[in-house]
$ cat model20.cif   # mmCIF, C-alpha atoms
data_structure
#
loop_
_atom_site.label_atom_id
_atom_site.label_comp_id
_atom_site.auth_asym_id
_atom_site.auth_seq_id
_atom_site.Cartn_x
_atom_site.Cartn_y
_atom_site.Cartn_z
CA MET S 1 -4.44 -18.68 -3.16
CA PRO S 2 -7.46 -16.36 -3.32
CA VAL S 3 -7.54 -12.74 -4.36
CA PRO S 4 -10.21 -10.55 -2.70
CA ASN S 5 -13.00 -9.38 -4.99
CA SER S 6 -13.29 -5.82 -6.25
CA ALA S 7 -15.84 -4.75 -3.61
CA THR S 8 -13.51 -5.87 -0.82
CA LEU S 9 -10.46 -4.25 -2.43
CA GLN S 10 -12.29 -0.97 -3.00
CA TRP S 11 -13.40 -0.88 0.62
CA ALA S 12 -9.91 -1.76 1.86
CA GLN S 13 -8.54 1.15 -0.16
CA ARG S 14 -11.20 3.52 1.21
CA VAL S 15 -10.50 2.51 4.80
CA LEU S 16 -6.76 3.03 4.38
CA GLU S 17 -7.23 6.42 2.78
CA GLY S 18 -9.70 7.33 5.53
CA LEU S 19 -6.90 6.61 8.00
CA ASN S 20 -4.50 8.80 5.97
CA ALA S 21 -2.56 5.70 4.97
CA THR S 22 -1.07 5.17 1.52
CA PRO S 23 -2.36 1.86 0.11
CA THR S 24 0.58 -0.50 -0.35
CA ALA S 25 0.82 -4.21 -1.04
CA THR S 26 1.21 -4.89 2.69
CA ASN S 27 -1.56 -2.79 4.20
CA MET S 28 -3.96 -3.63 1.35
CA LYS S 29 -3.38 -7.27 2.23
CA LEU S 30 -4.03 -6.52 5.91
CA ALA S 31 -7.16 -4.45 5.30
CA SER S 32 -8.70 -6.67 2.63
CA GLY S 33 -7.92 -9.81 4.63
CA TRP S 34 -9.58 -8.29 7.69
CA ILE S 35 -12.68 -7.51 5.63
CA VAL S 36 -12.73 -11.08 4.29
CA ALA S 37 -12.43 -12.39 7.85
CA GLU S 38 -15.55 -10.38 8.71
CA HIS S 39 -17.64 -11.07 5.60
CA GLY S 40 -16.18 -13.98 3.66
CA TRP S 41 -14.74 -13.96 0.15
CA ALA S 42 -18.00 -13.28 -1.69
CA TRP S 43 -19.09 -10.04 0.04
CA ASN S 44 -20.51 -7.57 -2.46
CA GLY S 45 -20.37 -4.45 -0.28
CA SER S 46 -23.96 -4.69 0.94
CA GLY S 47 -24.64 -2.71 4.10
CA ASN S 48 -21.64 -0.43 3.45
CA ASN S 49 -20.00 -1.81 6.58
CA PRO S 50 -16.67 -3.44 5.67
CA LEU S 51 -15.58 -4.33 9.22
CA ASN S 52 -19.02 -4.89 10.76
CA THR S 53 -18.90 -1.99 13.18
CA THR S 54 -21.82 -1.29 15.51
CA TRP S 55 -21.21 2.49 15.41
CA LYS S 56 -24.60 4.14 14.95
CA LEU S 57 -25.23 7.08 12.65
CA PRO S 58 -28.48 8.80 11.67
CA GLY S 59 -30.14 6.58 9.09
CA SER S 60 -28.24 3.41 9.97
CA THR S 61 -30.16 0.30 10.98
CA ASN S 62 -29.37 -2.89 12.85
CA PHE S 63 -28.29 -5.82 10.71
CA ASN S 64 -28.49 -8.14 13.71
CA ASN S 65 -29.19 -8.05 17.44
CA LEU S 66 -26.21 -8.31 19.77
CA GLY S 67 -28.27 -7.43 22.83
CA ASN S 68 -29.04 -4.19 24.63
CA GLY S 69 -30.22 -2.64 21.39
CA GLU S 70 -26.79 -3.02 19.81
CA GLY S 71 -26.11 -4.59 16.44
CA VAL S 72 -23.88 -4.50 13.40
CA GLN S 73 -25.12 -1.58 11.33
CA ASN S 74 -26.32 -1.20 7.77
CA TYR S 75 -25.44 2.24 6.40
CA PRO S 76 -27.38 4.03 3.66
CA SER S 77 -24.28 5.20 1.80
CA ILE S 78 -20.60 4.46 1.27
CA GLN S 79 -19.66 7.78 2.87
CA GLU S 80 -21.56 7.01 6.08
CA GLY S 81 -20.20 3.48 6.26
CA LEU S 82 -16.66 4.76 5.84
CA GLN S 83 -17.17 7.48 8.45
CA ALA S 84 -18.52 4.97 10.97
CA THR S 85 -15.63 2.58 10.32
CA ILE S 86 -12.99 5.30 10.73
CA ASP S 87 -14.73 6.71 13.81
CA THR S 88 -14.81 3.26 15.42
CA LEU S 89 -11.13 2.65 14.68
CA THR S 90 -9.96 6.04 15.93
CA GLN S 91 -12.47 7.15 18.58
CA GLN S 92 -13.70 3.97 20.22
CA SER S 93 -12.75 3.09 23.78
CA PRO S 94 -10.97 0.74 24.35
CA SER S 95 -8.52 1.91 21.71
CA PHE S 96 -7.65 0.17 18.45
CA SER S 97 -4.49 2.24 18.04
CA THR S 98 -2.20 -0.73 17.35
CA LEU S 99 -4.35 -1.89 14.45
CA VAL S 100 -4.58 1.66 13.13
CA GLU S 101 -0.81 2.19 13.30
CA GLY S 102 -0.21 -1.20 11.73
CA LEU S 103 -2.39 -0.17 8.79
CA ARG S 104 -0.94 3.34 8.54
CA ASN S 105 2.64 2.09 8.58
CA ALA S 106 1.97 -1.05 6.53
CA ASP S 107 3.47 -3.01 9.43
CA TYR S 108 2.35 -6.64 9.40
CA ASN S 109 4.24 -7.51 12.59
CA LEU S 110 2.73 -4.61 14.52
CA PHE S 111 -0.77 -5.39 13.28
CA PHE S 112 -0.46 -8.98 14.48
CA SER S 113 1.54 -8.22 17.61
CA ALA S 114 0.19 -9.41 20.97
CA GLN S 115 -1.55 -6.05 21.43
CA GLY S 116 -2.89 -6.11 17.89
CA MET S 117 -4.30 -9.60 18.38
CA GLN S 118 -5.97 -8.45 21.58
CA GLU S 119 -7.53 -5.50 19.76
CA LEU S 120 -8.81 -7.82 17.01
CA ASP S 121 -10.43 -9.98 19.68
CA THR S 122 -11.99 -6.88 21.24
CA TRP S 123 -13.27 -5.82 17.82
CA GLY S 124 -14.90 -9.21 17.41
CA THR S 125 -12.64 -10.68 14.75
CA ALA S 126 -10.77 -13.63 16.24
CA GLY S 127 -7.10 -12.67 15.94
CA PRO S 128 -5.69 -16.07 14.86
CA TYR S 129 -8.45 -16.51 12.29
CA CYS S 130 -7.90 -13.02 10.88
CA LYS S 131 -4.17 -13.72 10.58
CA SER S 132 -4.81 -16.97 8.72
CA VAL S 133 -7.09 -15.18 6.25
CA VAL S 134 -4.62 -12.32 5.72
CA ASP S 135 -1.83 -14.83 5.13
CA SER S 136 -3.92 -16.47 2.41
CA VAL S 137 -4.45 -13.21 0.51
CA THR S 138 -2.19 -12.75 -2.47
CA GLY S 139 -1.90 -10.86 -5.71
CA ILE S 140 -3.32 -7.43 -4.81
CA PRO S 141 -3.96 -5.81 -8.23
CA THR S 142 -1.67 -2.87 -8.90
CA GLN S 143 -4.52 -0.40 -9.50
CA TYR S 144 -5.25 -0.47 -5.77
CA LEU S 145 -1.67 0.42 -4.82
CA HIS S 146 -0.53 4.03 -4.62
CA ALA S 147 3.04 3.74 -3.35
CA ALA S 148 5.88 3.52 -5.85
CA GLY S 149 7.68 0.22 -5.64
CA GLN S 150 4.73 -1.56 -4.05
CA ALA S 151 3.29 -3.01 -7.23
CA GLY S 152 4.91 -6.37 -6.61
CA ALA S 153 7.56 -8.42 -8.34
CA GLY S 154 7.45 -8.32 -12.09
CA ALA S 155 5.18 -5.28 -12.28
CA THR S 156 5.99 -2.72 -14.94
CA VAL S 157 5.63 0.97 -14.26
CA GLU S 158 5.71 3.18 -17.33
CA ALA S 159 7.69 6.39 -17.12
CA GLY S 160 5.72 9.58 -17.61
CA PRO S 161 6.48 12.04 -20.41
CA ILE S 162 8.76 14.20 -18.24
CA LEU S 163 10.80 11.20 -17.10
CA GLN S 164 11.01 9.86 -20.63
CA ARG S 165 12.27 13.25 -21.86
CA PHE S 166 14.82 13.32 -19.02
CA PHE S 167 16.31 9.98 -20.07
CA SER S 168 16.20 11.01 -23.72
CA ASP S 169 18.17 14.17 -22.88
CA ILE S 170 20.72 12.10 -20.95
CA ASN S 171 21.14 9.78 -23.92
CA THR S 172 21.54 12.69 -26.34
CA GLY S 173 24.08 14.38 -24.07
CA ALA S 174 26.04 11.15 -23.66
CA ASN S 175 26.19 10.68 -27.43
CA ASP S 176 27.30 14.29 -27.93
CA LEU S 177 30.05 13.79 -25.35
CA ALA S 178 31.15 10.61 -27.10
CA ASN S 179 31.37 12.52 -30.39
CA LEU S 180 33.32 15.35 -28.75
CA LEU S 181 35.85 12.97 -27.23
CA GLY S 182 36.08 10.85 -30.35
CA LEU S 183 34.86 7.75 -28.55
CA ASN S 184 32.21 6.64 -31.03
CA GLN S 185 34.77 4.73 -33.08
CA PHE S 186 35.33 2.49 -30.06
CA ILE S 187 31.64 1.92 -29.34
CA LYS S 188 29.95 -1.06 -30.95
CA PRO S 189 26.66 -0.41 -32.77
CA GLY S 190 23.70 -0.87 -30.43
CA ALA S 191 25.81 -0.50 -27.30
CA ASN S 192 24.38 1.41 -24.33
CA THR S 193 26.15 4.75 -24.75
CA LYS S 194 24.99 6.10 -21.39
CA SER S 195 26.48 3.14 -19.54
CA ILE S 196 29.77 3.46 -21.40
CA ILE S 197 30.10 7.18 -20.72
CA VAL S 198 29.15 6.83 -17.06
CA GLY S 199 31.53 3.91 -16.66
CA ALA S 200 34.34 5.88 -18.28
CA GLY S 201 33.61 8.82 -15.98
CA VAL S 202 33.73 6.63 -12.89
CA ALA S 203 36.99 5.06 -14.05
CA ALA S 204 38.49 8.51 -14.64
CA LEU S 205 37.41 9.63 -11.17
CA ILE S 206 39.02 6.56 -9.58
CA LEU S 207 42.28 7.18 -11.45
CA TRP S 208 42.24 10.84 -10.34
CA LEU S 209 41.71 9.85 -6.70
CA ILE S 210 44.58 7.36 -6.91
CA ALA S 211 46.83 10.03 -8.41
CA GLU S 212 45.84 12.53 -5.73
CA GLY S 213 46.58 9.96 -3.05
CA ALA S 214 50.02 9.30 -4.52
CA ASP S 215 50.81 13.03 -4.65
CA ASN S 216 49.82 13.47 -1.00
CA ALA S 217 51.78 10.44 0.20
#

$ encode --input "model20.cif" --output "structure tokens"
Amino acid sequence: MPVPNSATLQWAQRVLEGLNATPTATNMKLASGWIVAEHGWAWNGSGNNPLNTTWKLPGSTNFNNLGNGEGVQNYPSIQEGLQATIDTLTQQSPSFSTLVEGLRNADYNLFFSAQGMQELDTWGTAGPYCKSVVDSVTGIPTQYLHAAGQAGAGATVEAGPILQRFFSDINTGANDLANLLGLNQFIKPGANTKSIIVGAGVAALILWLIAEGADNA
């Protein structure tokens, strides 16, 4: 299944951040799929208008003619295109609040709810078609995801120096405790000392609780 190109993914990330949404695997799929539904898979970012809004700003020009002087706009910069997109999503009447909340909350079901589908139709993106495109999107690269745990199955997240030092200190402390209690003679070389110490501590706590229960019986 296709993966959106870098221009589409960058714009999806910008739109989400413009809505104060943290880019996750789910809402990046929603946003990038919506952009693909508007532009196709090969869009290179031309026009700086990811969702084909007609919101006019100083310096923008008509890409096409939809009648009554209205048309999808070309914007002279990324900043203006992003502003127009966010303004359309949040200030336009009728409202697109269901789509916005679906993106902000990374809620696929809300985005494609009956109200969400109606808002997509109002926007000009046929709801069922948009859903089919979004469903075909897969493999959002991890560099576009900001939320921990959203990198996808099999992704590896390296611990930072502080976290690495924290685990190192735990390991050192566990080994010191094992030496103090004389447990090292019972630990096989290469065994996970932390797991052994924690397991022993849990077992001791359980035994203590059982003893306390017996005393109170």

$ closest_atom_pairs --input "model20.cif" --of "segment 40-123 of chain S" --to "segment 18-33 of chain S" --cutoff "6 Å" --atoms "all atoms listed in the file" --output "tab-separated table"
residue	atom	partner	partner_atom	distance
S:Leu103	CA	S:Asn27	CA	5.3
S:Arg104	CA	S:Ala21	CA	4.6
S:Ala106	CA	S:Asn27	CA	4.6

$ residues_around --input "model20.cif" --residues "Asp121 of chain S" --least-positions-apart "4" --cutoff "12 Å" --atoms "only C-alpha atoms" --output "list in words"
Pro94, Phe96, Leu99, Phe112, Ala114, Gln115, Gly116, Met117, Thr125, Ala126, Gly127, Pro128, Tyr129, Cys130 and Lys131 of chain S

$ write_last_selection --input "model20.cif" --atoms "C-alpha atoms" --output "PDB file, keeping the file's coordinate frame"
ATOM      1  CA  PRO S  94     -10.970   0.740  24.350  1.00  0.00           C
ATOM      2  CA  PHE S  96      -7.650   0.170  18.450  1.00  0.00           C
ATOM      3  CA  LEU S  99      -4.350  -1.890  14.450  1.00  0.00           C
ATOM      4  CA  PHE S 112      -0.460  -8.980  14.480  1.00  0.00           C
ATOM      5  CA  ALA S 114       0.190  -9.410  20.970  1.00  0.00           C
ATOM      6  CA  GLN S 115      -1.550  -6.050  21.430  1.00  0.00           C
ATOM      7  CA  GLY S 116      -2.890  -6.110  17.890  1.00  0.00           C
ATOM      8  CA  MET S 117      -4.300  -9.600  18.380  1.00  0.00           C
ATOM      9  CA  THR S 125     -12.640 -10.680  14.750  1.00  0.00           C
ATOM     10  CA  ALA S 126     -10.770 -13.630  16.240  1.00  0.00           C
ATOM     11  CA  GLY S 127      -7.100 -12.670  15.940  1.00  0.00           C
ATOM     12  CA  PRO S 128      -5.690 -16.070  14.860  1.00  0.00           C
ATOM     13  CA  TYR S 129      -8.450 -16.510  12.290  1.00  0.00           C
ATOM     14  CA  CYS S 130      -7.900 -13.020  10.880  1.00  0.00           C
ATOM     15  CA  LYS S 131      -4.170 -13.720  10.580  1.00  0.00           C
TER      16      LYS S 131
END

$ resolve_selection --input "model20.cif" --expression "the PyMOL selection byres ((chain S and resi 70-86) around 12)" --output "ChimeraX atom specification"
/S:7,10-21,35,38-39,45-69,87-92,96-97,99-100,123-124

$ closest_residue --input "model20.cif" --among "S:Leu120, S:Ile210, S:Leu110, S:Ile140" --to "Thr8 of chain S" --atoms "all atoms listed in the file"
S:Ile140

$ atom_distance --input "model20.cif" --atom1 "atom CA of Ala42 of chain S" --atom2 "atom CA of Asn109 of chain S"
27.1 Å

$ atom_distance --input "model20.cif" --atom1 "atom CA of Asn5 of chain S" --atom2 "atom CA of Val36 of chain S"
9.4 Å

$ atom_distance --input "model20.cif" --atom1 "atom CA of Gly139 of chain S" --atom2 "atom CA of Ala37 of chain S"
17.2 Å

$ decode --input "model20.cif" --residues "segment 37-101 of chain S" --atoms "C-alpha atoms" --output "mmCIF file, in the first residue's frame"
data_model
loop_
_atom_site.group_PDB
_atom_site.id
_atom_site.type_symbol
_atom_site.label_atom_id
_atom_site.label_comp_id
_atom_site.auth_asym_id
_atom_site.auth_seq_id
_atom_site.Cartn_x
_atom_site.Cartn_y
_atom_site.Cartn_z
ATOM 1 C CA ALA S 37 -7.631 12.776 -1.773
ATOM 2 C CA GLU S 38 -7.418 16.445 -2.787
ATOM 3 C CA HIS S 39 -4.213 16.359 -4.841
ATOM 4 C CA GLY S 40 -3.278 12.786 -5.678
ATOM 5 C CA TRP S 41 -0.187 10.867 -4.610
ATOM 6 C CA ALA S 42 2.337 12.874 -6.635
ATOM 7 C CA TRP S 43 1.611 16.390 -5.304
ATOM 8 C CA ASN S 44 4.821 18.337 -4.760
ATOM 9 C CA GLY S 45 3.410 21.123 -2.582
ATOM 10 C CA SER S 46 2.855 23.575 -5.431
ATOM 11 C CA GLY S 47 0.407 26.345 -4.611
ATOM 12 C CA ASN S 48 0.983 25.900 -0.856
ATOM 13 C CA ASN S 49 -2.625 24.787 -0.509
ATOM 14 C CA PRO S 50 -2.741 21.246 0.913
ATOM 15 C CA LEU S 51 -6.536 20.951 1.185
ATOM 16 C CA ASN S 52 -7.495 23.175 -1.761
ATOM 17 C CA THR S 53 -9.178 25.889 0.265
ATOM 18 C CA THR S 54 -10.706 28.916 -1.457
ATOM 19 C CA TRP S 55 -9.874 31.218 1.493
ATOM 20 C CA LYS S 56 -8.430 34.404 0.025
ATOM 21 C CA LEU S 57 -5.452 36.243 1.468
ATOM 22 C CA PRO S 58 -3.522 39.246 0.154
ATOM 23 C CA GLY S 59 -1.251 37.952 -2.576
ATOM 24 C CA SER S 60 -3.159 34.728 -3.235
ATOM 25 C CA THR S 61 -4.464 34.005 -6.723
ATOM 26 C CA ASN S 62 -7.126 31.762 -8.209
ATOM 27 C CA PHE S 63 -5.934 28.350 -9.346
ATOM 28 C CA ASN S 64 -9.289 27.688 -11.000
ATOM 29 C CA ASN S 65 -12.703 29.279 -11.432
ATOM 30 C CA LEU S 66 -15.549 27.896 -9.344
ATOM 31 C CA GLY S 67 -17.897 30.722 -10.289
ATOM 32 C CA ASN S 68 -18.738 34.061 -8.714
ATOM 33 C CA GLY S 69 -15.072 34.969 -8.608
ATOM 34 C CA GLU S 70 -14.285 32.068 -6.293
ATOM 35 C CA GLY S 71 -11.544 29.534 -6.845
ATOM 36 C CA VAL S 72 -9.031 27.304 -5.137
ATOM 37 C CA GLN S 73 -6.163 29.575 -4.157
ATOM 38 C CA ASN S 74 -2.447 29.567 -4.850
ATOM 39 C CA TYR S 75 -0.526 31.080 -1.927
ATOM 40 C CA PRO S 76 2.854 32.792 -2.239
ATOM 41 C CA SER S 77 4.327 31.128 0.853
ATOM 42 C CA ILE S 78 3.981 28.115 3.123
ATOM 43 C CA GLN S 79 3.021 30.374 6.032
ATOM 44 C CA GLU S 80 0.137 31.955 4.132
ATOM 45 C CA GLY S 81 -1.090 28.620 2.828
ATOM 46 C CA LEU S 82 -1.052 27.177 6.326
ATOM 47 C CA GLN S 83 -2.847 30.218 7.759
ATOM 48 C CA ALA S 84 -5.564 29.998 5.111
ATOM 49 C CA THR S 85 -6.020 26.266 5.708
ATOM 50 C CA ILE S 86 -6.296 26.665 9.486
ATOM 51 C CA ASP S 87 -8.603 29.681 9.130
ATOM 52 C CA THR S 88 -10.896 27.725 6.820
ATOM 53 C CA LEU S 89 -11.015 24.751 9.177
ATOM 54 C CA THR S 90 -11.665 26.803 12.306
ATOM 55 C CA GLN S 91 -13.484 29.959 11.173
ATOM 56 C CA GLN S 92 -15.541 28.936 8.161
ATOM 57 C CA SER S 93 -19.319 28.738 8.325
ATOM 58 C CA PRO S 94 -20.717 26.098 8.125
ATOM 59 C CA SER S 95 -18.384 24.617 10.713
ATOM 60 C CA PHE S 96 -15.828 21.866 10.190
ATOM 61 C CA SER S 97 -15.555 21.229 13.928
ATOM 62 C CA THR S 98 -15.994 17.450 13.691
ATOM 63 C CA LEU S 99 -13.081 17.130 11.282
ATOM 64 C CA VAL S 100 -10.972 19.438 13.443
ATOM 65 C CA GLU S 101 -11.720 17.487 16.620
#
